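Printed here is work-v2.pdb (PDB, C-alpha atoms):
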ATOM      1  CA  MET A   1       0.000   0.000   0.000  1.00  0.00           C
ATOM      2  CA  LYS A   2       1.277   3.475  -0.921  1.00  0.00           C
ATOM      3  CA  LYS A   3       1.872   5.997   1.860  1.00  0.00           C
ATOM      4  CA  ILE A   4       0.740   9.614   2.230  1.00  0.00           C
ATOM      5  CA  SER A   5       1.999  12.476   4.389  1.00  0.00           C
ATOM      6  CA  ALA A   6      -0.497  15.068   5.629  1.00  0.00           C
ATOM      7  CA  THR A   7       0.448  18.681   6.362  1.00  0.00           C
ATOM      8  CA  ILE A   8      -1.499  21.103   8.552  1.00  0.00           C
ATOM      9  CA  LEU A   9      -0.911  24.763   9.376  1.00  0.00           C
ATOM     10  CA  ALA A  10      -2.158  25.721  12.813  1.00  0.00           C
ATOM     11  CA  PHE A  11      -2.501  28.670  15.152  1.00  0.00           C
ATOM     12  CA  ASN A  12      -4.769  28.533  18.219  1.00  0.00           C
ATOM     13  CA  GLU A  13      -7.043  25.863  16.734  1.00  0.00           C
ATOM     14  CA  GLU A  14      -7.816  23.821  19.853  1.00  0.00           C
ATOM     15  CA  LYS A  15     -11.576  23.867  19.156  1.00  0.00           C
ATOM     16  CA  ARG A  16     -11.348  22.527  15.607  1.00  0.00           C
ATOM     17  CA  ILE A  17      -8.119  20.639  14.985  1.00  0.00           C
ATOM     18  CA  GLY A  18      -9.318  17.506  16.793  1.00  0.00           C
ATOM     19  CA  ALA A  19     -12.016  16.887  14.157  1.00  0.00           C
ATOM     20  CA  CYS A  20      -9.461  17.458  11.395  1.00  0.00           C
ATOM     21  CA  LEU A  21      -7.014  14.966  12.881  1.00  0.00           C
ATOM     22  CA  GLU A  22      -9.759  12.436  13.527  1.00  0.00           C
ATOM     23  CA  SER A  23     -10.711  12.509   9.841  1.00  0.00           C
ATOM     24  CA  LEU A  24      -7.109  11.650   8.937  1.00  0.00           C
ATOM     25  CA  ARG A  25      -6.989   8.613  11.225  1.00  0.00           C
ATOM     26  CA  GLY A  26      -6.202   5.521   9.138  1.00  0.00           C
ATOM     27  CA  ILE A  27      -5.979   7.638   5.975  1.00  0.00           C
ATOM     28  CA  THR A  28      -2.525   9.212   6.168  1.00  0.00           C
ATOM     29  CA  ASP A  29       0.713   7.659   7.389  1.00  0.00           C
ATOM     30  CA  GLU A  30       2.241  10.714   9.021  1.00  0.00           C
ATOM     31  CA  ILE A  31       0.951  14.156   9.969  1.00  0.00           C
ATOM     32  CA  ILE A  32       3.193  17.222   9.901  1.00  0.00           C
ATOM     33  CA  VAL A  33       1.850  20.205  11.856  1.00  0.00           C
ATOM     34  CA  VAL A  34       3.505  23.588  11.418  1.00  0.00           C
ATOM     35  CA  ASP A  35       2.340  25.746  14.308  1.00  0.00           C
ATOM     36  CA  SER A  36       2.719  29.530  14.305  1.00  0.00           C
ATOM     37  CA  GLY A  37       3.076  29.859  18.071  1.00  0.00           C
ATOM     38  CA  SER A  38      -0.254  28.762  19.505  1.00  0.00           C
ATOM     39  CA  THR A  39      -0.994  29.817  23.074  1.00  0.00           C
ATOM     40  CA  ASP A  40      -3.888  27.406  23.589  1.00  0.00           C
ATOM     41  CA  ARG A  41      -3.967  23.563  23.645  1.00  0.00           C
ATOM     42  CA  THR A  42      -3.406  23.106  19.895  1.00  0.00           C
ATOM     43  CA  VAL A  43       0.089  21.628  20.217  1.00  0.00           C
ATOM     44  CA  ASP A  44      -0.967  19.287  23.059  1.00  0.00           C
ATOM     45  CA  ILE A  45      -3.867  17.940  21.001  1.00  0.00           C
ATOM     46  CA  CYS A  46      -1.603  17.353  17.999  1.00  0.00           C
ATOM     47  CA  SER A  47       0.908  15.551  20.221  1.00  0.00           C
ATOM     48  CA  ARG A  48      -1.777  13.161  21.417  1.00  0.00           C
ATOM     49  CA  TYR A  49      -2.486  12.214  17.808  1.00  0.00           C
ATOM     50  CA  GLY A  50       1.195  11.445  17.208  1.00  0.00           C
ATOM     51  CA  CYS A  51       1.815  14.384  14.874  1.00  0.00           C
ATOM     52  CA  ARG A  52       5.293  15.680  14.100  1.00  0.00           C
ATOM     53  CA  ILE A  53       5.183  19.303  15.197  1.00  0.00           C
ATOM     54  CA  SER A  54       7.370  22.174  14.050  1.00  0.00           C
ATOM     55  CA  VAL A  55       6.958  25.689  15.452  1.00  0.00           C
ATOM     56  CA  ARG A  56       7.683  28.398  12.895  1.00  0.00           C
ATOM     57  CA  LYS A  57       6.865  32.090  12.770  1.00  0.00           C
ATOM     58  CA  PHE A  58       4.173  32.766  10.181  1.00  0.00           C
ATOM     59  CA  ASP A  59       5.552  34.525   7.095  1.00  0.00           C
ATOM     60  CA  GLY A  60       2.768  33.969   4.558  1.00  0.00           C
ATOM     61  CA  PHE A  61       0.609  31.003   3.620  1.00  0.00           C
ATOM     62  CA  GLY A  62       2.623  29.922   0.589  1.00  0.00           C
ATOM     63  CA  ALA A  63       5.957  29.878   2.404  1.00  0.00           C
ATOM     64  CA  GLN A  64       4.425  28.152   5.430  1.00  0.00           C
ATOM     65  CA  ARG A  65       2.840  25.419   3.315  1.00  0.00           C
ATOM     66  CA  GLN A  66       6.028  24.889   1.352  1.00  0.00           C
ATOM     67  CA  TYR A  67       7.985  24.566   4.582  1.00  0.00           C
ATOM     68  CA  ALA A  68       5.494  21.973   5.845  1.00  0.00           C
ATOM     69  CA  THR A  69       5.888  20.026   2.599  1.00  0.00           C
ATOM     70  CA  SER A  70       9.678  20.049   2.982  1.00  0.00           C
ATOM     71  CA  LEU A  71       9.309  18.179   6.296  1.00  0.00           C
ATOM     72  CA  THR A  72       7.314  15.284   4.844  1.00  0.00           C
ATOM     73  CA  THR A  73       8.735  11.791   4.476  1.00  0.00           C
ATOM     74  CA  HIS A  74       6.481  10.314   1.807  1.00  0.00           C
ATOM     75  CA  GLN A  75       6.209  11.071  -1.906  1.00  0.00           C
ATOM     76  CA  TYR A  76       2.524  12.061  -1.912  1.00  0.00           C
ATOM     77  CA  VAL A  77       1.388  14.953   0.258  1.00  0.00           C
ATOM     78  CA  LEU A  78      -2.139  15.788   1.396  1.00  0.00           C
ATOM     79  CA  SER A  79      -2.517  19.403   2.497  1.00  0.00           C
ATOM     80  CA  ILE A  80      -5.390  20.173   4.843  1.00  0.00           C
ATOM     81  CA  ASP A  81      -6.149  23.069   7.177  1.00  0.00           C
ATOM     82  CA  ALA A  82      -6.957  22.808  10.867  1.00  0.00           C
ATOM     83  CA  ASP A  83     -10.551  23.917  10.225  1.00  0.00           C
ATOM     84  CA  GLU A  84     -11.128  21.302   7.519  1.00  0.00           C
ATOM     85  CA  VAL A  85     -12.336  17.696   7.635  1.00  0.00           C
ATOM     86  CA  LEU A  86     -12.241  14.909   5.052  1.00  0.00           C
ATOM     87  CA  SER A  87     -15.739  13.717   4.149  1.00  0.00           C
ATOM     88  CA  PRO A  88     -16.344   9.924   4.343  1.00  0.00           C
ATOM     89  CA  ALA A  89     -16.513   9.782   0.524  1.00  0.00           C
ATOM     90  CA  LEU A  90     -13.149  11.532   0.225  1.00  0.00           C
ATOM     91  CA  GLN A  91     -11.638   9.196   2.815  1.00  0.00           C
ATOM     92  CA  GLU A  92     -12.750   6.244   0.704  1.00  0.00           C
ATOM     93  CA  SER A  93     -11.314   7.818  -2.448  1.00  0.00           C
ATOM     94  CA  ILE A  94      -7.915   8.323  -0.835  1.00  0.00           C
ATOM     95  CA  LEU A  95      -7.833   4.805   0.621  1.00  0.00           C
ATOM     96  CA  ARG A  96      -8.650   3.412  -2.826  1.00  0.00           C
ATOM     97  CA  LEU A  97      -5.730   5.374  -4.291  1.00  0.00           C
ATOM     98  CA  LYS A  98      -3.391   3.990  -1.669  1.00  0.00           C
ATOM     99  CA  GLU A  99      -4.502   0.435  -2.384  1.00  0.00           C
ATOM    100  CA  GLU A 100      -4.610   0.621  -6.187  1.00  0.00           C
ATOM    101  CA  GLY A 101      -1.729   3.061  -6.729  1.00  0.00           C
ATOM    102  CA  PHE A 102      -1.521   6.657  -7.905  1.00  0.00           C
ATOM    103  CA  SER A 103      -2.181   7.129 -11.619  1.00  0.00           C
ATOM    104  CA  HIS A 104      -1.773  10.935 -11.531  1.00  0.00           C
ATOM    105  CA  ARG A 105       0.760  13.339 -10.074  1.00  0.00           C
ATOM    106  CA  VAL A 106      -1.762  15.859  -8.746  1.00  0.00           C
ATOM    107  CA  TYR A 107      -5.355  15.507  -7.564  1.00  0.00           C
ATOM    108  CA  SER A 108      -8.040  18.147  -7.082  1.00  0.00           C
ATOM    109  CA  VAL A 109     -10.797  18.031  -4.484  1.00  0.00           C
ATOM    110  CA  ALA A 110     -14.085  19.897  -4.162  1.00  0.00           C
ATOM    111  CA  ARG A 111     -14.373  21.935  -0.969  1.00  0.00           C
ATOM    112  CA  LEU A 112     -17.729  22.513   0.707  1.00  0.00           C
ATOM    113  CA  ASN A 113     -17.500  25.675   2.809  1.00  0.00           C
ATOM    114  CA  PHE A 114     -19.620  26.252   5.903  1.00  0.00           C
ATOM    115  CA  TYR A 115     -20.579  29.704   7.232  1.00  0.00           C
ATOM    116  CA  CYS A 116     -21.494  29.502  10.934  1.00  0.00           C
ATOM    117  CA  GLY A 117     -22.487  25.861  10.447  1.00  0.00           C
ATOM    118  CA  PHE A 118     -24.465  26.516   7.247  1.00  0.00           C
ATOM    119  CA  PRO A 119     -23.258  24.708   4.071  1.00  0.00           C
ATOM    120  CA  VAL A 120     -22.909  27.283   1.271  1.00  0.00           C
ATOM    121  CA  ARG A 121     -23.323  26.046  -2.298  1.00  0.00           C
ATOM    122  CA  HIS A 122     -23.359  29.442  -3.988  1.00  0.00           C
ATOM    123  CA  CYS A 123     -21.386  32.699  -3.526  1.00  0.00           C
ATOM    124  CA  GLY A 124     -18.491  31.082  -5.394  1.00  0.00           C
ATOM    125  CA  TRP A 125     -17.957  28.832  -2.384  1.00  0.00           C
ATOM    126  CA  TYR A 126     -18.729  25.503  -4.074  1.00  0.00           C
ATOM    127  CA  PRO A 127     -17.336  23.379  -5.608  1.00  0.00           C
ATOM    128  CA  ASP A 128     -14.265  25.559  -4.844  1.00  0.00           C
ATOM    129  CA  ARG A 129     -11.919  22.918  -6.282  1.00  0.00           C
ATOM    130  CA  GLN A 130      -8.461  22.797  -4.748  1.00  0.00           C
ATOM    131  CA  ILE A 131      -5.242  20.929  -5.547  1.00  0.00           C
ATOM    132  CA  ARG A 132      -4.617  19.254  -2.207  1.00  0.00           C
ATOM    133  CA  LEU A 133      -3.018  15.882  -2.967  1.00  0.00           C
ATOM    134  CA  PHE A 134       0.166  15.850  -5.038  1.00  0.00           C
ATOM    135  CA  ASP A 135       3.464  14.174  -5.755  1.00  0.00           C
ATOM    136  CA  LYS A 136       5.987  16.600  -4.274  1.00  0.00           C
ATOM    137  CA  ARG A 137       8.556  15.697  -6.931  1.00  0.00           C
ATOM    138  CA  TYR A 138       6.393  17.299  -9.622  1.00  0.00           C
ATOM    139  CA  ALA A 139       4.313  19.916  -7.780  1.00  0.00           C
ATOM    140  CA  ASN A 140       4.740  22.327  -4.926  1.00  0.00           C
ATOM    141  CA  TRP A 141       3.388  25.509  -3.380  1.00  0.00           C
ATOM    142  CA  ASN A 142       4.098  28.948  -4.720  1.00  0.00           C
ATOM    143  CA  LEU A 143       5.283  31.472  -2.118  1.00  0.00           C
ATOM    144  CA  ARG A 144       2.376  33.913  -2.166  1.00  0.00           C
ATOM    145  CA  ASP A 145       1.337  35.395   1.171  1.00  0.00           C
ATOM    146  CA  VAL A 146      -2.343  35.000   0.220  1.00  0.00           C
ATOM    147  CA  SER A 147      -4.200  33.106  -2.528  1.00  0.00           C
ATOM    148  CA  GLU A 148      -1.421  30.533  -2.472  1.00  0.00           C
ATOM    149  CA  ALA A 149      -1.710  27.526  -4.787  1.00  0.00           C
ATOM    150  CA  VAL A 150      -0.002  24.301  -5.783  1.00  0.00           C
ATOM    151  CA  ILE A 151       1.948  24.833  -8.990  1.00  0.00           C
ATOM    152  CA  PHE A 152       3.038  22.195 -11.509  1.00  0.00           C
ATOM    153  CA  ARG A 153       4.138  21.786 -15.113  1.00  0.00           C
ATOM    154  CA  ASP A 154       1.660  22.427 -17.923  1.00  0.00           C
ATOM    155  CA  SER A 155       1.973  18.805 -19.002  1.00  0.00           C
ATOM    156  CA  VAL A 156       0.529  17.621 -15.673  1.00  0.00           C
ATOM    157  CA  ARG A 157      -3.263  17.159 -15.594  1.00  0.00           C
ATOM    158  CA  PRO A 158      -5.047  17.038 -12.217  1.00  0.00           C
ATOM    159  CA  ALA A 159      -7.521  14.242 -11.546  1.00  0.00           C
ATOM    160  CA  LEU A 160     -10.687  15.002  -9.547  1.00  0.00           C
ATOM    161  CA  LEU A 161     -11.290  12.864  -6.468  1.00  0.00           C
ATOM    162  CA  ASP A 162     -14.757  11.858  -5.295  1.00  0.00           C
ATOM    163  CA  GLY A 163     -15.861  13.441  -2.029  1.00  0.00           C
ATOM    164  CA  ASP A 164     -15.407  16.840  -0.421  1.00  0.00           C
ATOM    165  CA  ILE A 165     -13.170  18.663   1.992  1.00  0.00           C
ATOM    166  CA  LEU A 166     -15.544  20.128   4.573  1.00  0.00           C
ATOM    167  CA  HIS A 167     -14.305  23.613   5.469  1.00  0.00           C
ATOM    168  CA  TYR A 168     -15.742  25.115   8.664  1.00  0.00           C
ATOM    169  CA  ARG A 169     -14.769  28.720   8.016  1.00  0.00           C
ATOM    170  CA  CYS A 170     -16.218  30.203  11.200  1.00  0.00           C
ATOM    171  CA  ASP A 171     -18.431  29.582  14.201  1.00  0.00           C
ATOM    172  CA  THR A 172     -19.655  33.193  14.439  1.00  0.00           C
ATOM    173  CA  PRO A 173     -19.889  36.174  12.062  1.00  0.00           C
ATOM    174  CA  GLN A 174     -17.324  37.954  14.241  1.00  0.00           C
ATOM    175  CA  GLN A 175     -14.841  35.140  13.755  1.00  0.00           C
ATOM    176  CA  TYR A 176     -15.233  35.331   9.983  1.00  0.00           C
ATOM    177  CA  GLU A 177     -14.827  39.101  10.108  1.00  0.00           C
ATOM    178  CA  ALA A 178     -11.550  38.682  11.996  1.00  0.00           C
ATOM    179  CA  VAL A 179     -10.271  36.365   9.263  1.00  0.00           C
ATOM    180  CA  ILE A 180     -11.292  38.923   6.639  1.00  0.00           C
ATOM    181  CA  ASN A 181      -9.333  41.598   8.521  1.00  0.00           C
ATOM    182  CA  SER A 182      -6.208  39.444   8.675  1.00  0.00           C
ATOM    183  CA  HIS A 183      -6.309  38.448   5.010  1.00  0.00           C
ATOM    184  CA  ALA A 184      -7.015  42.031   3.922  1.00  0.00           C
ATOM    185  CA  LYS A 185      -3.829  43.216   5.638  1.00  0.00           C
ATOM    186  CA  MET A 186      -1.767  40.616   3.817  1.00  0.00           C
ATOM    187  CA  LYS A 187      -3.420  41.330   0.483  1.00  0.00           C
ATOM    188  CA  ALA A 188      -2.804  45.073   0.964  1.00  0.00           C
ATOM    189  CA  LYS A 189       0.948  44.476   1.079  1.00  0.00           C
ATOM    190  CA  VAL A 190       0.780  42.467  -2.142  1.00  0.00           C
ATOM    191  CA  LEU A 191      -1.276  45.162  -3.883  1.00  0.00           C
ATOM    192  CA  ALA A 192       0.986  47.956  -2.652  1.00  0.00           C
ATOM    193  CA  ALA A 193       4.043  46.190  -4.068  1.00  0.00           C
ATOM    194  CA  LYS A 194       2.593  46.263  -7.582  1.00  0.00           C
ATOM    195  CA  ASP A 195       3.490  49.076  -9.947  1.00  0.00           C
ATOM    196  CA  GLU A 196      -0.130  50.147 -10.301  1.00  0.00           C
ATOM    197  CA  GLU A 197      -1.804  53.311  -9.106  1.00  0.00           C
ATOM    198  CA  ILE A 198      -4.643  52.964  -6.593  1.00  0.00           C
ATOM    199  CA  GLY A 199      -7.013  55.899  -6.970  1.00  0.00           C
ATOM    200  CA  PHE A 200      -9.367  57.392  -4.404  1.00  0.00           C
ATOM    201  CA  LEU A 201     -12.361  55.461  -5.741  1.00  0.00           C
ATOM    202  CA  SER A 202     -10.532  52.164  -6.277  1.00  0.00           C
ATOM    203  CA  PRO A 203     -11.376  50.640  -2.876  1.00  0.00           C
ATOM    204  CA  PHE A 204     -15.099  51.327  -3.338  1.00  0.00           C
ATOM    205  CA  LEU A 205     -15.152  50.165  -6.967  1.00  0.00           C
ATOM    206  CA  HIS A 206     -13.308  46.924  -6.191  1.00  0.00           C
ATOM    207  CA  GLY A 207     -15.584  46.402  -3.194  1.00  0.00           C
ATOM    208  CA  MET A 208     -18.740  46.814  -5.274  1.00  0.00           C
ATOM    209  CA  LYS A 209     -17.329  44.538  -7.956  1.00  0.00           C
ATOM    210  CA  ALA A 210     -16.695  41.844  -5.331  1.00  0.00           C
ATOM    211  CA  PHE A 211     -20.199  42.264  -3.867  1.00  0.00           C
ATOM    212  CA  LEU A 212     -21.926  41.961  -7.247  1.00  0.00           C
ATOM    213  CA  LYS A 213     -19.803  39.001  -8.260  1.00  0.00           C
ATOM    214  CA  THR A 214     -20.635  37.146  -5.025  1.00  0.00           C
ATOM    215  CA  PHE A 215     -24.307  38.107  -4.762  1.00  0.00           C
ATOM    216  CA  VAL A 216     -25.338  38.092  -8.442  1.00  0.00           C
ATOM    217  CA  ASN A 217     -22.824  36.258 -10.632  1.00  0.00           C
ATOM    218  CA  CYS A 218     -22.114  33.497  -8.105  1.00  0.00           C
ATOM    219  CA  GLY A 219     -25.703  33.165  -6.880  1.00  0.00           C
ATOM    220  CA  GLY A 220     -25.371  34.518  -3.347  1.00  0.00           C
ATOM    221  CA  ILE A 221     -28.935  35.757  -3.745  1.00  0.00           C
ATOM    222  CA  PHE A 222     -30.091  32.122  -3.498  1.00  0.00           C
ATOM    223  CA  GLU A 223     -28.502  31.688  -0.055  1.00  0.00           C
ATOM    224  CA  GLY A 224     -30.831  34.180   1.647  1.00  0.00           C
ATOM    225  CA  LYS A 225     -29.502  35.974   4.716  1.00  0.00           C
ATOM    226  CA  VAL A 226     -26.241  34.012   4.642  1.00  0.00           C
ATOM    227  CA  GLY A 227     -25.680  34.967   1.006  1.00  0.00           C
ATOM    228  CA  ARG A 228     -26.222  38.636   1.775  1.00  0.00           C
ATOM    229  CA  GLU A 229     -23.784  38.515   4.676  1.00  0.00           C
ATOM    230  CA  ILE A 230     -21.078  36.741   2.672  1.00  0.00           C
ATOM    231  CA  SER A 231     -21.527  39.226  -0.176  1.00  0.00           C
ATOM    232  CA  ARG A 232     -21.262  42.113   2.255  1.00  0.00           C
ATOM    233  CA  GLN A 233     -18.064  40.665   3.658  1.00  0.00           C
ATOM    234  CA  SER A 234     -16.698  40.281   0.106  1.00  0.00           C
ATOM    235  CA  TYR A 235     -17.262  44.003  -0.365  1.00  0.00           C
ATOM    236  CA  ARG A 236     -15.627  44.756   2.957  1.00  0.00           C
ATOM    237  CA  ALA A 237     -12.597  42.555   2.240  1.00  0.00           C
ATOM    238  CA  GLU A 238     -11.752  44.379  -0.994  1.00  0.00           C
ATOM    239  CA  LEU A 239     -12.492  47.782   0.525  1.00  0.00           C
ATOM    240  CA  LEU A 240     -10.103  47.134   3.422  1.00  0.00           C
ATOM    241  CA  ALA A 241      -7.360  45.666   1.236  1.00  0.00           C
ATOM    242  CA  TYR A 242      -7.343  48.462  -1.336  1.00  0.00           C
ATOM    243  CA  THR A 243      -7.718  51.205   1.285  1.00  0.00           C
ATOM    244  CA  ALA A 244      -4.749  49.864   3.228  1.00  0.00           C
ATOM    245  CA  ALA A 245      -2.709  49.377   0.036  1.00  0.00           C
ATOM    246  CA  ARG A 246      -3.418  52.975  -0.980  1.00  0.00           C
ATOM    247  CA  LYS A 247      -2.173  54.217   2.409  1.00  0.00           C
ATOM    248  CA  ILE A 248       1.003  52.131   2.092  1.00  0.00           C
ATOM    249  CA  LYS A 249       1.693  53.559  -1.365  1.00  0.00           C
ATOM    250  CA  LYS A 250       1.128  57.127  -0.201  1.00  0.00           C
ATOM    251  CA  SER A 251       3.384  56.715   2.839  1.00  0.00           C
ATOM    252  CA  SER A 252       6.217  55.367   0.666  1.00  0.00           C
ATOM    253  CA  CYS A 253       6.176  58.386  -1.686  1.00  0.00           C
TER     254      CYS A 253
END
Please rewrite the model in this file as structure tokens.
Amino acid sequence: MKKISATILAFNEEKRIGACLESLRGITDEIIVVDSGSTDRTVDICSRYGCRISVRKFDGFGAQRQYATSLTTHQYVLSIDADEVLSPALQESILRLKEEGFSHRVYSVARLNFYCGFPVRHCGWYPDRQIRLFDKRYANWNLRDVSEAVIFRDSVRPALLDGDILHYRCDTPQQYEAVINSHAKMKAKVLAAKDEEIGFLSPFLHGMKAFLKTFVNCGGIFEGKVGREISRQSYRAELLAYTAARKIKKSSC
């Protein structure tokens, strides 16, 4: 049977990482956890599951994921976040691969995102396909701070696995808003580094574009109150990122 290494990034995830690790039981052959300095019980919980733990200061999602991959022992790597769980169907798909052998170098997986416990199938949140299982000899993470992705040669074609990654984005609207704030700060630095002018109206225009895309183009209107809230947060995310990027550019002049 082929073996798989799992990688997880973690920071103060004591409430959710147990479910993630439980879903990996009997599926992966080692679990690498890269912790960004948790002050809760995250590391203790991971230790109880026999994970290999490395503490590393967070310096962007891409770099952190690539570092986690570099610590793995096995050829195939499954990347999963602390707030994600493998569905039973996905567990079966991965076990079948291990038994029958890997016929592809990279595999994509649909991700079903939950907002405060509610499964969201619109807003651009589903199927939200991700490259999460790959042969590290032929694919790896780029080093982007945000919107990181697995990169591979053009000749490589991903295969879609049956089943979903279940992504529990937040327990409360406030928790989701905090994530938006954090990601907006990182995105602002990326935007500010580009050789593009950010005008006075840019934050509002990009915010409205994000709202309309989420609510209209991606069907957020069909999700009711949840769809409206997610669309509003899409507006807010772009507004914050471009406003902060504009301030950074002005301060550097």
*Pick out the closest residue to Phe215 (chain A) from this set: A:Leu161, A:Asp35, A:Glu197, A:Trp125. Count only C-alpha atoms.*
A:Trp125
_Closest of A:Ala210, A:Val120, A:Leu143, A:Leu166 to Phe222 (chain A) - atom-to-atom distances counting only C-alpha atoms_ =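 For Phe222 (chain A), the nearest of the candidates is A:Val120.
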Test item: axis-aligned box, all listed atoms of region 8-14 of chain A, 4 Å on each side, centre and edges in Å rounded to one decimal, as lines of an AutoDock Vina configuration file:
center_x = -4.4
center_y = 24.9
center_z = 14.2
size_x = 14.9
size_y = 15.6
size_z = 19.3
*Residue nearest Glu148 (chain A) among A:Ala63, A:Cys116, A:Cys170, A:Ala110 (counting only C-alpha atoms)*: A:Ala63
*Give as a list in words each residue that has an atom at most 9 Å from (6.0, 10.8, -3.8) in the file, counting all atoms listed in the file.*
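So the residues meeting the distance criterion are Lys3, Ile4, Thr73, His74, Gln75, Tyr76, Val77, Arg105, Phe134, Asp135, Lys136, Arg137 and Tyr138 of chain A.
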*Step by step, work through what the PyMOL selection byres ((chain A and resi 142) around 12) selects in the shown file, and finish by giving those residues as a ChimeraX atom specification.*
/A:60-67,69,139-141,143-152
Limited to C-alpha atoms, could you put the picked residues into a file as a PDB file, in the frame of the given file?
ATOM      1  CA  GLY A  60       2.768  33.969   4.558  1.00  0.00           C
ATOM      2  CA  PHE A  61       0.609  31.003   3.620  1.00  0.00           C
ATOM      3  CA  GLY A  62       2.623  29.922   0.589  1.00  0.00           C
ATOM      4  CA  ALA A  63       5.957  29.878   2.404  1.00  0.00           C
ATOM      5  CA  GLN A  64       4.425  28.152   5.430  1.00  0.00           C
ATOM      6  CA  ARG A  65       2.840  25.419   3.315  1.00  0.00           C
ATOM      7  CA  GLN A  66       6.028  24.889   1.352  1.00  0.00           C
ATOM      8  CA  TYR A  67       7.985  24.566   4.582  1.00  0.00           C
ATOM      9  CA  THR A  69       5.888  20.026   2.599  1.00  0.00           C
ATOM     10  CA  ALA A 139       4.313  19.916  -7.780  1.00  0.00           C
ATOM     11  CA  ASN A 140       4.740  22.327  -4.926  1.00  0.00           C
ATOM     12  CA  TRP A 141       3.388  25.509  -3.380  1.00  0.00           C
ATOM     13  CA  LEU A 143       5.283  31.472  -2.118  1.00  0.00           C
ATOM     14  CA  ARG A 144       2.376  33.913  -2.166  1.00  0.00           C
ATOM     15  CA  ASP A 145       1.337  35.395   1.171  1.00  0.00           C
ATOM     16  CA  VAL A 146      -2.343  35.000   0.220  1.00  0.00           C
ATOM     17  CA  SER A 147      -4.200  33.106  -2.528  1.00  0.00           C
ATOM     18  CA  GLU A 148      -1.421  30.533  -2.472  1.00  0.00           C
ATOM     19  CA  ALA A 149      -1.710  27.526  -4.787  1.00  0.00           C
ATOM     20  CA  VAL A 150      -0.002  24.301  -5.783  1.00  0.00           C
ATOM     21  CA  ILE A 151       1.948  24.833  -8.990  1.00  0.00           C
ATOM     22  CA  PHE A 152       3.038  22.195 -11.509  1.00  0.00           C
TER      23      PHE A 152
END
*How far is it from CA of Gly37 (chain A) to CA of Lys15 (chain A), in Å with one decimal?*
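Computing it gives 15.9 Å between the two atoms.
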Tell me, as an mmCIF file with C-alpha atoms, keeping the file's coordinate frame, which residues lie within 8 Å of Leu240 (chain A), counting all atoms listed in the file; anything in the same chain fewer than 5 positions away does not count.
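The resulting file, out.cif, is shown below:
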data_model
loop_
_atom_site.group_PDB
_atom_site.id
_atom_site.type_symbol
_atom_site.label_atom_id
_atom_site.label_comp_id
_atom_site.auth_asym_id
_atom_site.auth_seq_id
_atom_site.Cartn_x
_atom_site.Cartn_y
_atom_site.Cartn_z
ATOM 1 C CA ASN A 181 -9.333 41.598 8.521
ATOM 2 C CA ALA A 184 -7.015 42.031 3.922
ATOM 3 C CA LYS A 185 -3.829 43.216 5.638
ATOM 4 C CA ALA A 188 -2.804 45.073 0.964
ATOM 5 C CA PRO A 203 -11.376 50.640 -2.876
#
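Shortest separation to Arg153 (chain A) among A:Ile165, A:Val106, A:Leu21, A:Ala244 occurs at residue A:Val106, atoms counted being all atoms listed in the file.
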*CA of Pro127 (chain A) and CA of Asp171 (chain A), how far apart in Å?*
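These two atoms are separated by 20.8 Å.
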*Separation of CA of Ser234 (chain A) from CA of Cys20 (chain A) in Å*: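 Atom-to-atom, CA of Cys20 (chain A) and CA of Ser234 (chain A) are spaced 26.5 Å apart.
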_If the PyMOL selection byres ((chain A and resi 191) around 10) were run on this exact file, what residues would it hold? Put them as a ChimeraX atom specification._
/A:186-190,192-198,241-242,244-246,248-249
Output of region 180-186 of chain A limited to N, CA, C and O atoms, as a PDB file, in the first residue's frame:
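Result file is decode_18.pdb:
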ATOM      1  N   ILE A 180     -11.283  37.951   7.736  1.00  0.00           N
ATOM      2  CA  ILE A 180     -11.292  38.923   6.639  1.00  0.00           C
ATOM      3  C   ILE A 180     -10.280  40.033   6.915  1.00  0.00           C
ATOM      4  O   ILE A 180      -9.517  40.440   6.031  1.00  0.00           O
ATOM      5  N   ASN A 181     -10.271  40.528   8.146  1.00  0.00           N
ATOM      6  CA  ASN A 181      -9.333  41.598   8.521  1.00  0.00           C
ATOM      7  C   ASN A 181      -7.892  41.158   8.317  1.00  0.00           C
ATOM      8  O   ASN A 181      -7.060  41.899   7.764  1.00  0.00           O
ATOM      9  N   SER A 182      -7.571  39.959   8.773  1.00  0.00           N
ATOM     10  CA  SER A 182      -6.208  39.444   8.675  1.00  0.00           C
ATOM     11  C   SER A 182      -5.778  39.274   7.226  1.00  0.00           C
ATOM     12  O   SER A 182      -4.679  39.684   6.828  1.00  0.00           O
ATOM     13  N   HIS A 183      -6.648  38.677   6.412  1.00  0.00           N
ATOM     14  CA  HIS A 183      -6.309  38.448   5.010  1.00  0.00           C
ATOM     15  C   HIS A 183      -6.211  39.759   4.235  1.00  0.00           C
ATOM     16  O   HIS A 183      -5.379  39.889   3.322  1.00  0.00           O
ATOM     17  N   ALA A 184      -7.053  40.740   4.607  1.00  0.00           N
ATOM     18  CA  ALA A 184      -7.015  42.031   3.922  1.00  0.00           C
ATOM     19  C   ALA A 184      -5.680  42.729   4.147  1.00  0.00           C
ATOM     20  O   ALA A 184      -5.134  43.365   3.234  1.00  0.00           O
ATOM     21  N   LYS A 185      -5.131  42.603   5.340  1.00  0.00           N
ATOM     22  CA  LYS A 185      -3.829  43.216   5.638  1.00  0.00           C
ATOM     23  C   LYS A 185      -2.728  42.602   4.779  1.00  0.00           C
ATOM     24  O   LYS A 185      -1.857  43.304   4.267  1.00  0.00           O
ATOM     25  N   MET A 186      -2.776  41.285   4.635  1.00  0.00           N
ATOM     26  CA  MET A 186      -1.767  40.616   3.817  1.00  0.00           C
ATOM     27  C   MET A 186      -1.937  40.959   2.338  1.00  0.00           C
ATOM     28  O   MET A 186      -0.954  41.203   1.630  1.00  0.00           O
TER      29      MET A 186
END
